[in-house]
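Raw query06.csv, CSV, C-alpha atoms (C1' of nucleotides):
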```csv
chain,number,residue,atom,x,y,z
A,665,MET,CA,-18.6,-13.1,40.6
A,666,ARG,CA,-19.6,-16.3,39.1
A,667,HIS,CA,-19.1,-15.6,35.4
A,668,GLY,CA,-15.9,-13.9,36.3
A,669,GLU,CA,-13.9,-14.9,33.2
A,670,ASN,CA,-15.2,-11.8,31.5
A,671,ALA,CA,-13.9,-9.1,33.8
A,672,ARG,CA,-14.5,-6.2,31.4
A,673,ARG,CA,-18.2,-5.6,30.9
A,674,GLU,CA,-20.3,-2.9,29.2
A,675,GLU,CA,-20.0,0.1,31.5
A,676,MET,CA,-23.7,0.8,31.0
A,677,ALA,CA,-26.5,-1.3,29.7
A,678,ALA,CA,-27.8,-2.7,26.5
A,679,GLN,CA,-25.5,-1.8,23.7
A,680,THR,CA,-26.0,-5.3,22.6
A,681,ILE,CA,-29.6,-6.4,22.5
A,682,HIS,CA,-30.4,-9.9,23.7
A,683,TRP,CA,-33.1,-11.2,21.3
A,684,ARG,CA,-35.3,-13.4,23.4
A,685,SER,CA,-37.1,-15.1,20.5
A,686,MET,CA,-37.9,-14.8,16.9
A,687,CYS,CA,-41.3,-13.4,17.6
A,688,PRO,CA,-41.7,-9.9,16.2
A,689,ILE,CA,-43.6,-8.6,19.2
A,690,SER,CA,-40.9,-9.9,21.5
A,691,SER,CA,-38.2,-8.4,19.3
A,692,ALA,CA,-40.0,-5.0,19.4
A,693,LEU,CA,-40.0,-5.2,23.2
A,694,ASP,CA,-36.3,-6.2,23.2
A,695,VAL,CA,-35.8,-2.7,21.7
A,696,VAL,CA,-38.4,-0.4,23.1
A,697,GLY,CA,-39.8,-2.6,26.0
A,698,ASP,CA,-38.6,-0.6,28.9
A,699,LYS,CA,-40.0,2.3,30.9
A,700,TRP,CA,-38.0,5.1,29.2
A,701,THR,CA,-37.4,4.5,25.5
A,702,ILE,CA,-41.0,5.1,24.4
A,703,LEU,CA,-41.1,8.3,26.5
A,704,ILE,CA,-38.1,9.6,24.6
A,705,ILE,CA,-39.8,8.8,21.3
A,706,ARG,CA,-43.0,10.5,22.6
A,707,ASP,CA,-41.1,13.7,23.3
A,708,LEU,CA,-39.6,13.6,19.8
A,709,ILE,CA,-42.9,13.1,18.2
A,710,ILE,CA,-44.6,15.9,20.2
A,711,HIS,CA,-41.7,18.3,20.0
A,712,GLY,CA,-40.1,17.5,16.7
A,713,THR,CA,-36.6,17.7,17.9
A,714,ARG,CA,-35.1,17.7,21.4
A,715,THR,CA,-31.8,18.4,23.0
A,716,TYR,CA,-30.4,16.4,25.8
A,717,SER,CA,-31.4,19.0,28.4
A,718,GLU,CA,-34.9,19.3,27.0
A,719,PHE,CA,-35.4,15.5,27.5
A,720,LEU,CA,-34.4,16.1,31.1
A,721,GLU,CA,-37.2,18.6,31.6
A,722,SER,CA,-40.0,16.1,30.8
A,723,PRO,CA,-42.2,15.5,33.9
A,724,GLU,CA,-41.1,11.9,34.4
A,725,LYS,CA,-37.6,13.1,35.2
A,726,ILE,CA,-35.4,10.5,33.5
A,727,SER,CA,-31.9,10.4,35.0
A,728,THR,CA,-28.9,11.5,33.0
A,729,ASN,CA,-27.1,8.2,32.7
A,730,ILE,CA,-30.2,6.4,31.5
A,731,LEU,CA,-31.0,9.1,29.0
A,732,ALA,CA,-27.5,9.0,27.6
A,733,ASP,CA,-27.6,5.2,27.4
A,734,ARG,CA,-31.0,5.2,25.6
A,735,LEU,CA,-30.0,8.0,23.2
A,736,SER,CA,-26.9,6.0,22.3
A,737,LEU,CA,-28.9,2.8,21.8
A,738,LEU,CA,-31.5,4.5,19.7
A,739,SER,CA,-28.9,6.1,17.6
A,740,ASN,CA,-27.1,2.8,17.0
A,741,LEU,CA,-30.4,1.3,15.9
A,742,LYS,CA,-31.0,4.3,13.7
A,743,LEU,CA,-34.3,5.2,15.2
A,744,ILE,CA,-33.0,8.6,16.1
A,745,GLU,CA,-30.2,10.8,14.8
A,746,ARG,CA,-28.5,14.1,15.4
A,747,ILE,CA,-29.7,17.0,13.3
A,748,GLU,CA,-26.1,17.9,12.5
A,749,PRO,CA,-24.1,14.7,12.7
A,750,ASP,CA,-20.8,16.3,12.2
A,751,ALA,CA,-21.2,19.2,14.6
A,752,ALA,CA,-20.5,19.2,18.3
A,753,ALA,CA,-22.9,17.8,20.8
A,754,ARG,CA,-23.9,21.1,22.4
A,755,ASN,CA,-27.3,22.2,21.2
A,756,ASN,CA,-27.2,19.5,18.6
A,757,ALA,CA,-30.8,18.2,18.9
A,758,TYR,CA,-31.9,14.7,18.2
A,759,ARG,CA,-34.8,13.8,15.8
A,760,LEU,CA,-36.6,10.7,14.7
A,761,THR,CA,-35.6,8.8,11.7
A,762,PRO,CA,-38.4,7.3,9.6
A,763,SER,CA,-37.9,4.0,11.5
A,764,GLY,CA,-38.4,5.8,14.8
A,765,ALA,CA,-41.3,7.9,13.6
A,766,ALA,CA,-43.0,4.7,12.4
A,767,LEU,CA,-43.6,4.0,16.1
A,768,GLN,CA,-46.2,6.7,16.2
A,769,PRO,CA,-49.2,4.4,15.8
A,770,VAL,CA,-47.9,2.3,18.8
A,771,LEU,CA,-47.8,5.4,20.9
A,772,GLU,CA,-51.3,6.5,19.8
A,773,GLY,CA,-52.6,3.0,20.6
A,774,LEU,CA,-51.0,3.2,24.1
A,775,GLY,CA,-52.5,6.7,24.6
A,776,ARG,CA,-56.0,5.6,23.5
A,777,TRP,CA,-55.9,2.5,25.6
A,778,SER,CA,-54.7,4.4,28.7
A,779,HIS,CA,-57.5,7.0,28.2
A,780,ALA,CA,-60.1,4.3,27.8
A,781,HIS,CA,-59.1,1.7,30.3
A,782,LEU,CA,-56.6,3.1,32.8
A,783,LYS,CA,-58.0,6.4,33.8
A,784,ALA,CA,-59.9,5.0,36.7
A,785,PHE,CA,-56.7,3.8,38.4
A,786,HIS,CA,-55.1,7.1,38.8
A,787,ALA,CA,-58.4,9.0,38.5
A,788,GLY,CA,-57.7,12.7,38.7
A,789,ILE,CA,-54.2,12.6,37.4
A,790,VAL,CA,-54.4,11.7,33.8
A,791,LYS,CA,-55.6,14.4,31.4
A,792,ILE,CA,-55.4,13.8,27.7
A,793,PRO,CA,-54.2,16.6,25.4
A,794,GLU,CA,-56.5,16.3,22.4
A,795,PRO,CA,-54.5,15.4,19.4
B,995,MET,CA,-31.2,-0.4,54.7
B,996,ARG,CA,-31.6,3.4,54.7
B,997,HIS,CA,-35.4,3.5,54.9
B,998,GLY,CA,-35.3,0.9,57.6
B,999,GLU,CA,-38.3,2.0,59.6
B,1000,ASN,CA,-40.5,-0.1,57.2
B,1001,ALA,CA,-38.9,-3.5,57.8
B,1002,ARG,CA,-41.6,-5.4,56.0
B,1003,ARG,CA,-41.7,-4.6,52.3
B,1004,GLU,CA,-43.5,-6.1,49.3
B,1005,GLU,CA,-41.9,-9.5,48.8
B,1006,MET,CA,-41.9,-9.1,45.0
B,1007,ALA,CA,-42.3,-6.1,42.8
B,1008,ALA,CA,-44.9,-3.7,41.8
B,1009,GLN,CA,-48.1,-4.3,43.5
B,1010,THR,CA,-48.4,-0.6,43.9
B,1011,ILE,CA,-47.7,1.3,40.7
B,1012,HIS,CA,-45.7,4.5,40.8
B,1013,TRP,CA,-47.3,6.9,38.3
B,1014,ARG,CA,-44.5,9.0,37.0
B,1015,SER,CA,-46.7,11.7,35.4
B,1016,MET,CA,-50.2,12.5,34.3
B,1017,CYS,CA,-49.3,11.7,30.6
B,1018,PRO,CA,-51.5,8.8,29.4
B,1019,ILE,CA,-48.6,7.3,27.4
B,1020,SER,CA,-46.4,7.4,30.5
B,1021,SER,CA,-49.2,5.8,32.6
B,1022,ALA,CA,-49.7,3.1,30.1
B,1023,LEU,CA,-46.0,2.3,30.3
B,1024,ASP,CA,-46.3,2.4,34.1
B,1025,VAL,CA,-48.5,-0.6,33.7
B,1026,VAL,CA,-47.3,-2.5,30.6
B,1027,GLY,CA,-44.0,-0.9,30.0
B,1028,ASP,CA,-41.7,-3.8,30.9
B,1029,LYS,CA,-40.3,-6.6,28.9
B,1030,TRP,CA,-42.7,-9.3,30.0
B,1031,THR,CA,-46.3,-8.0,30.5
B,1032,ILE,CA,-47.0,-7.5,26.9
B,1033,LEU,CA,-45.7,-11.0,26.1
B,1034,ILE,CA,-48.2,-12.4,28.6
B,1035,ILE,CA,-51.0,-10.5,26.9
B,1036,ARG,CA,-49.7,-11.7,23.5
B,1037,ASP,CA,-50.0,-15.3,24.6
B,1038,LEU,CA,-53.5,-14.7,25.9
B,1039,ILE,CA,-54.5,-13.1,22.6
B,1040,ILE,CA,-53.0,-15.8,20.5
B,1041,HIS,CA,-54.1,-18.7,22.7
B,1042,GLY,CA,-57.4,-17.5,24.2
B,1043,THR,CA,-56.7,-18.8,27.6
B,1044,ARG,CA,-53.5,-20.0,29.3
B,1045,THR,CA,-52.5,-21.7,32.4
B,1046,TYR,CA,-49.5,-20.9,34.5
B,1047,SER,CA,-47.4,-23.7,33.1
B,1048,GLU,CA,-48.5,-22.8,29.5
B,1049,PHE,CA,-47.0,-19.3,29.9
B,1050,LEU,CA,-43.8,-21.0,31.0
B,1051,GLU,CA,-43.6,-22.8,27.7
B,1052,SER,CA,-43.4,-19.6,25.5
B,1053,PRO,CA,-40.0,-19.4,23.7
B,1054,GLU,CA,-38.9,-16.3,25.7
B,1055,LYS,CA,-38.8,-18.4,28.9
B,1056,ILE,CA,-40.1,-16.1,31.6
B,1057,SER,CA,-39.1,-17.1,35.1
B,1058,THR,CA,-41.6,-18.4,37.5
B,1059,ASN,CA,-41.4,-15.5,40.1
B,1060,ILE,CA,-41.7,-12.8,37.4
B,1061,LEU,CA,-44.7,-14.7,35.9
B,1062,ALA,CA,-46.4,-15.0,39.2
B,1063,ASP,CA,-45.8,-11.3,40.0
B,1064,ARG,CA,-47.1,-10.1,36.6
B,1065,LEU,CA,-50.2,-12.3,36.7
B,1066,SER,CA,-51.0,-11.0,40.1
B,1067,LEU,CA,-50.5,-7.4,39.0
B,1068,LEU,CA,-52.6,-7.9,35.9
B,1069,SER,CA,-55.3,-9.5,37.9
B,1070,ASN,CA,-55.4,-6.6,40.4
B,1071,LEU,CA,-55.7,-4.2,37.5
B,1072,LYS,CA,-58.5,-6.4,36.0
B,1073,LEU,CA,-56.7,-6.8,32.7
B,1074,ILE,CA,-56.9,-10.6,33.2
B,1075,GLU,CA,-58.9,-12.9,35.3
B,1076,ARG,CA,-59.3,-16.6,36.2
B,1077,ILE,CA,-61.8,-18.5,34.2
B,1078,GLU,CA,-63.2,-20.0,37.4
B,1079,PRO,CA,-62.6,-17.4,40.1
B,1080,ASP,CA,-63.8,-19.6,42.9
B,1081,ALA,CA,-62.0,-22.8,41.9
B,1082,ALA,CA,-58.5,-23.9,42.9
B,1083,ALA,CA,-55.5,-22.6,41.0
B,1084,ARG,CA,-54.6,-25.9,39.4
B,1085,ASN,CA,-55.6,-25.9,35.7
B,1086,ASN,CA,-57.5,-22.7,36.3
B,1087,ALA,CA,-56.5,-20.7,33.2
B,1088,TYR,CA,-56.3,-17.0,32.9
B,1089,ARG,CA,-58.0,-15.0,30.2
B,1090,LEU,CA,-58.2,-11.4,29.1
B,1091,THR,CA,-60.8,-9.0,30.4
B,1092,PRO,CA,-62.2,-6.5,27.9
B,1093,SER,CA,-59.7,-4.0,29.2
B,1094,GLY,CA,-56.8,-6.4,28.6
B,1095,ALA,CA,-58.1,-7.4,25.2
B,1096,ALA,CA,-58.2,-3.7,24.3
B,1097,LEU,CA,-54.5,-3.8,24.1
B,1098,GLN,CA,-54.6,-5.8,20.9
B,1099,PRO,CA,-54.1,-2.8,18.6
B,1100,VAL,CA,-51.0,-1.9,20.5
B,1101,LEU,CA,-49.6,-5.4,20.0
B,1102,GLU,CA,-50.5,-5.3,16.3
B,1103,GLY,CA,-48.7,-2.0,16.0
B,1104,LEU,CA,-45.6,-3.4,17.7
B,1105,GLY,CA,-45.7,-6.4,15.4
B,1106,ARG,CA,-46.1,-4.4,12.3
B,1107,TRP,CA,-43.3,-2.0,13.3
B,1108,SER,CA,-41.0,-4.8,14.1
B,1109,HIS,CA,-41.7,-6.5,10.8
B,1110,ALA,CA,-41.1,-3.3,8.9
B,1111,HIS,CA,-38.2,-1.8,10.7
B,1112,LEU,CA,-36.5,-4.3,13.0
B,1113,LYS,CA,-36.1,-7.4,10.9
B,1114,ALA,CA,-32.7,-6.4,9.7
B,1115,PHE,CA,-31.2,-6.2,13.2
B,1116,HIS,CA,-31.7,-9.7,14.2
B,1117,ALA,CA,-31.8,-11.2,10.7
B,1118,GLY,CA,-28.8,-13.4,11.1
B,1119,ILE,CA,-29.7,-14.3,14.6
B,1120,VAL,CA,-33.3,-15.3,14.3
B,1121,LYS,CA,-33.3,-18.4,12.4
B,1122,ILE,CA,-36.2,-20.8,12.7
B,1123,PRO,CA,-34.9,-24.0,14.3
B,1124,GLU,CA,-37.3,-26.3,12.6
B,1125,PRO,CA,-38.4,-28.8,15.1
C,56,DA,C1',-8.9,37.5,26.3
C,57,DC,C1',-10.2,34.8,29.6
C,58,DG,C1',-12.7,33.2,33.6
C,59,DA,C1',-17.5,31.8,34.5
C,60,DT,C1',-21.2,29.3,32.9
C,61,DT,C1',-23.8,26.1,30.2
C,62,DC,C1',-24.5,21.8,28.1
C,63,DA,C1',-23.8,17.1,27.3
C,64,DC,C1',-22.5,13.8,29.0
C,65,DT,C1',-19.5,10.1,32.8
C,66,DT,C1',-18.6,8.0,37.0
C,67,DG,C1',-19.4,6.0,41.6
C,68,DC,C1',-22.2,4.0,44.5
C,69,DA,C1',-26.8,2.7,46.9
C,70,DT,C1',-31.2,0.7,45.9
C,71,DT,C1',-34.3,-1.9,43.2
C,72,DT,C1',-35.5,-5.4,40.0
C,73,DC,C1',-34.5,-9.7,37.5
C,74,DG,C1',-33.3,-14.4,36.8
C,75,DC,C1',-32.1,-18.9,38.1
C,76,DA,C1',-32.4,-22.8,41.1
C,77,DA,C1',-34.5,-25.0,44.6
C,78,DG,C1',-38.3,-25.6,47.8
C,79,DT,C1',-43.3,-25.7,49.3
C,80,DC,C1',-47.9,-27.2,49.1
C,81,DA,C1',-52.4,-28.4,47.8
C,82,DG,C1',-55.0,-31.2,44.8
C,83,DC,C1',-55.3,-35.0,41.7
C,84,DC,C1',-54.4,-40.1,40.3
C,85,DA,C1',-53.5,-44.9,40.8
D,307,DT,C1',-52.3,-43.5,50.6
D,308,DG,C1',-48.4,-42.2,48.4
D,309,DG,C1',-46.3,-40.4,44.5
D,310,DC,C1',-47.0,-36.8,41.0
D,311,DT,C1',-48.2,-32.6,38.9
D,312,DG,C1',-49.2,-27.8,38.6
D,313,DA,C1',-48.9,-23.4,40.7
D,314,DC,C1',-46.6,-20.9,42.9
D,315,DT,C1',-42.5,-19.1,47.0
D,316,DT,C1',-38.0,-18.3,48.6
D,317,DG,C1',-33.1,-17.2,48.5
D,318,DC,C1',-29.6,-15.1,46.6
D,319,DG,C1',-26.3,-13.5,43.0
D,320,DA,C1',-26.4,-10.5,38.9
D,321,DA,C1',-28.0,-6.8,36.4
D,322,DA,C1',-30.4,-2.5,35.8
D,323,DT,C1',-31.9,1.8,37.8
D,324,DG,C1',-31.6,6.2,40.3
D,325,DC,C1',-29.1,9.8,42.5
D,326,DA,C1',-25.4,12.9,43.1
D,327,DA,C1',-21.3,14.6,41.9
D,328,DG,C1',-17.6,15.1,38.5
D,329,DT,C1',-15.6,16.2,33.7
D,330,DG,C1',-14.6,18.7,29.8
D,331,DA,C1',-15.4,21.3,25.7
D,332,DA,C1',-18.0,25.3,23.8
D,333,DT,C1',-20.0,29.7,24.5
D,334,DC,C1',-20.9,34.0,27.0
D,335,DG,C1',-20.0,38.2,29.5
D,336,DT,C1',-17.1,41.8,30.3
```

Once you've parsed the file, please lay out its structure as structure tokens.
Amino acid sequence: MRHGENARREEMAAQTIHWRSMCPISSALDVVGDKWTILIIRDLIIHGTRTYSEFLESPEKISTNILADRLSLLSNLKLIERIEPDAAARNNAYRLTPSGAALQPVLEGLGRWSHAHLKAFHAGIVKIPEP
Amino acid sequence: MRHGENARREEMAAQTIHWRSMCPISSALDVVGDKWTILIIRDLIIHGTRTYSEFLESPEKISTNILADRLSLLSNLKLIERIEPDAAARNNAYRLTPSGAALQPVLEGLGRWSHAHLKAFHAGIVKIPEP
DNA sequence: ACGATTCACTTGCATTTCGCAAGTCAGCCA
DNA sequence: TGGCTGACTTGCGAAATGCAAGTGAATCGT
């Protein structure tokens, strides 16, 4: 290990975000620019609230450690929150905060772009559920 | 190597996209859902056209192999193209195709969201180093 | 009442992707 | 014609991801 002076590292990923630049688009990507975070937010927008095990049922099949990591990160950033913050975790669903819900236009844009410009690449597969 | 029967693999990443589901949002993320692709498109939107070395100058400092990989992928998907397809690579800039340019609303949405909901998190960090 | 089950996570690795540094190579440029 | 760019490769260590199994508290069934 080259940078071995710091033996103890974060057990899982990004609890501290590395801001690559001062560009707002870049900073947005530093938060939601991975393959899973937006899908979690999608499920919350569509479904209102979701429990941990409900997230696991989505067709993309996120793995449990990634899900836990992202839920924790999104909670820290206050994009999501527990419905009952002081209750136990069991059946205590997550929901979007206003900051998280404000991503909805981005998701709509992605959906529209995919529908208009990406369908050809995975032809039969993508079907859009009319909003 | 467990799946060793295929000794020769893609030298760098995703020239074949793995579509995780039929959801359009998921499919959009299968294409642009990483930390670098959208930044490349941002540079093209802002700058009109960009050469390989101009991309390298952006403040986020993408590394050369990742840049080459993403440019190649975006070219295959016809989101970008060379200005002179039949000329040599040297000084032959890339530009957005209509499909790539159609991502602009998504970038605007990300920028607006970042400005409205994310500024606080990197407030102290992002300081403009006046040059 | 209490063992079995469910739910929400952790933990341990194997595999994949990223990131940096260095190298290659063709086309200018003097 | 020989050095210099500009546009990529290559190699390899580091980090993130994916999968399977484990943990532990709360609830359920009897």

Residues of chain B were defined as contacting chain A if any atom lay at most 6 Å from it, counting all atoms listed in the file; please report them as a PyMOL selection string. chain B and resi 1014-1016+1018-1019+1022+1027-1029+1054+1093+1100+1103-1105+1108+1111+1120

What are the residues of chain B that have an atom within 9 Å of an atom of chain D, counting all atoms listed in the file, as a list of chain:residue names?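 Close enough to count are B:Tyr1046, B:Ser1047, B:Thr1058, B:Asn1059, B:Ala1062, B:Ala1083, B:Arg1084, B:Asn1085.
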
Could I get chain B fitted onto chain A (least squares, all C-alpha atoms, in order) as a compact mmCIF listing (two decimals) with C-alpha atoms, in the frame of the given file?
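Just written: result.txt:
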```txt
# COMPACT_ATOMS: atom_id res chain seq x y z
CA MET B 995 -18.65 -11.45 41.01
CA ARG B 996 -19.32 -15.00 39.75
CA HIS B 997 -18.45 -14.40 36.10
CA GLY B 998 -15.36 -12.56 37.16
CA GLU B 999 -13.10 -13.48 34.29
CA ASN B 1000 -14.60 -10.50 32.32
CA ALA B 1001 -13.66 -7.71 34.73
CA ARG B 1002 -14.53 -4.96 32.31
CA ARG B 1003 -18.23 -4.86 31.53
CA GLU B 1004 -20.50 -2.39 29.73
CA GLU B 1005 -20.62 0.66 31.98
CA MET B 1006 -24.36 1.15 31.37
CA ALA B 1007 -26.99 -1.13 30.00
CA ALA B 1008 -27.94 -2.69 26.80
CA GLN B 1009 -25.60 -1.88 24.09
CA THR B 1010 -25.88 -5.44 23.01
CA ILE B 1011 -29.46 -6.66 22.81
CA HIS B 1012 -30.35 -10.12 24.01
CA TRP B 1013 -32.93 -11.53 21.58
CA ARG B 1014 -35.11 -13.78 23.62
CA SER B 1015 -36.77 -15.56 20.66
CA MET B 1016 -37.34 -15.39 16.95
CA CYS B 1017 -40.92 -13.95 17.50
CA PRO B 1018 -41.11 -10.49 15.88
CA ILE B 1019 -43.28 -9.16 18.75
CA SER B 1020 -40.71 -10.39 21.27
CA SER B 1021 -37.86 -8.80 19.22
CA ALA B 1022 -39.66 -5.56 19.02
CA LEU B 1023 -39.99 -5.56 22.79
CA ASP B 1024 -36.29 -6.47 23.00
CA VAL B 1025 -35.69 -3.09 21.52
CA VAL B 1026 -38.53 -0.80 22.68
CA GLY B 1027 -40.02 -2.83 25.41
CA ASP B 1028 -39.01 -0.72 28.42
CA LYS B 1029 -40.65 2.14 30.14
CA TRP B 1030 -38.63 4.93 28.59
CA THR B 1031 -37.74 4.28 24.89
CA ILE B 1032 -41.18 4.76 23.61
CA LEU B 1033 -41.51 8.03 25.56
CA ILE B 1034 -38.37 9.28 23.81
CA ILE B 1035 -39.87 8.40 20.45
CA ARG B 1036 -43.15 10.07 21.51
CA ASP B 1037 -41.33 13.31 22.20
CA LEU B 1038 -39.56 13.12 18.86
CA ILE B 1039 -42.86 12.54 17.08
CA ILE B 1040 -44.64 15.31 18.86
CA HIS B 1041 -41.75 17.78 18.77
CA GLY B 1042 -39.94 16.94 15.52
CA THR B 1043 -36.54 17.26 16.95
CA ARG B 1044 -35.25 17.40 20.54
CA THR B 1045 -32.12 18.11 22.32
CA TYR B 1046 -30.80 16.29 25.32
CA SER B 1047 -31.99 18.87 27.79
CA GLU B 1048 -35.43 19.05 26.03
CA PHE B 1049 -36.00 15.33 26.73
CA LEU B 1050 -35.19 16.07 30.35
CA GLU B 1051 -38.06 18.51 30.51
CA SER B 1052 -40.84 15.92 29.67
CA PRO B 1053 -43.23 15.48 32.65
CA GLU B 1054 -42.11 11.85 33.27
CA LYS B 1055 -38.64 13.10 34.29
CA ILE B 1056 -36.24 10.54 32.88
CA SER B 1057 -32.86 10.50 34.55
CA THR B 1058 -29.84 11.68 32.77
CA ASN B 1059 -27.93 8.28 32.65
CA ILE B 1060 -31.00 6.38 31.37
CA LEU B 1061 -31.53 9.12 28.71
CA ALA B 1062 -27.98 8.98 27.59
CA ASP B 1063 -28.04 5.15 27.43
CA ARG B 1064 -31.31 5.04 25.44
CA LEU B 1065 -30.22 7.72 22.97
CA SER B 1066 -27.05 5.85 22.37
CA LEU B 1067 -28.90 2.57 21.87
CA LEU B 1068 -31.40 4.17 19.54
CA SER B 1069 -28.67 5.76 17.58
CA ASN B 1070 -26.81 2.44 17.16
CA LEU B 1071 -30.01 0.88 15.92
CA LYS B 1072 -30.52 3.86 13.52
CA LEU B 1073 -33.95 4.65 14.90
CA ILE B 1074 -32.69 8.20 15.65
CA GLU B 1075 -29.86 10.30 14.53
CA ARG B 1076 -28.20 13.70 15.12
CA ILE B 1077 -29.30 16.46 12.87
CA GLU B 1078 -25.67 17.43 12.30
CA PRO B 1079 -23.68 14.21 12.66
CA ASP B 1080 -20.34 15.90 12.39
CA ALA B 1081 -21.01 18.83 14.72
CA ALA B 1082 -20.47 18.97 18.48
CA ALA B 1083 -23.10 17.59 20.81
CA ARG B 1084 -24.17 20.92 22.22
CA ASN B 1085 -27.55 21.97 20.75
CA ASN B 1086 -27.25 19.15 18.27
CA ALA B 1087 -30.81 17.75 18.35
CA TYR B 1088 -31.85 14.25 17.65
CA ARG B 1089 -34.53 13.30 15.18
CA LEU B 1090 -36.25 10.15 14.02
CA THR B 1091 -34.99 8.07 11.14
CA PRO B 1092 -37.63 6.53 8.87
CA SER B 1093 -37.32 3.36 10.89
CA GLY B 1094 -37.96 5.23 14.15
CA ALA B 1095 -40.81 7.21 12.66
CA ALA B 1096 -42.37 3.91 11.59
CA LEU B 1097 -43.22 3.33 15.15
CA GLN B 1098 -45.90 5.99 15.08
CA PRO B 1099 -48.79 3.56 14.56
CA VAL B 1100 -47.70 1.66 17.60
CA LEU B 1101 -47.76 4.84 19.68
CA GLU B 1102 -51.18 5.77 18.29
CA GLY B 1103 -52.44 2.34 19.22
CA LEU B 1104 -51.10 2.68 22.76
CA GLY B 1105 -52.71 6.09 23.04
CA ARG B 1106 -56.02 4.97 21.77
CA TRP B 1107 -56.03 1.91 24.06
CA SER B 1108 -55.14 3.95 27.03
CA HIS B 1109 -57.86 6.46 26.29
CA ALA B 1110 -60.42 3.73 25.88
CA HIS B 1111 -59.51 1.32 28.57
CA LEU B 1112 -57.12 2.85 31.10
CA LYS B 1113 -58.61 6.21 31.91
CA ALA B 1114 -60.59 4.87 34.79
CA PHE B 1115 -57.53 3.58 36.67
CA HIS B 1116 -55.79 6.79 37.13
CA ALA B 1117 -58.85 9.04 36.90
CA GLY B 1118 -58.59 10.46 40.35
CA ILE B 1119 -54.88 10.70 40.16
CA VAL B 1120 -54.31 12.42 36.88
CA LYS B 1121 -55.54 15.81 37.33
CA ILE B 1122 -54.26 18.60 35.13
CA PRO B 1123 -52.33 21.03 37.34
CA GLU B 1124 -53.09 24.08 35.32
CA PRO B 1125 -49.99 26.10 35.17
```

Taking only residues of chain C that have an atom at most 8 Å from an atom of chain B, what is each one's shortest atom pair and its distance in Å to one decimal, using all atoms listed in the file, in chain and number order, as CSV?
```
residue,atom,partner,partner_atom,distance
C:DT72,C1',B:Ala1007,CA,7.4
C:DC73,C1',B:Ile1060,CA,7.8
C:DG74,C1',B:Ser1057,CA,6.6
C:DC75,C1',B:Ser1057,CA,7.8
C:DG82,C1',B:Arg1084,CA,7.6
```

Nearest to Leu737 (chain A) among A:Ala751, A:Ala784, A:Ala757, A:Ile704, with distances taken over all atoms listed in the file: which residue is it?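 Once distances to Leu737 (chain A) are computed over all atoms listed in the file, the minimum belongs to A:Ile704.
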
Hey, can you check how far CA of Ala765 (chain A) sits from C1' of DC64 (chain C)? 25.0 Å

Atomic separation - CA of Asp733 (chain A) relative to CA of Leu720 (chain A), Å: 13.4 Å

Between CA of Leu1090 (chain B) and CA of Arg1064 (chain B), what distance in Å does the model show, to one decimal? 13.5 Å
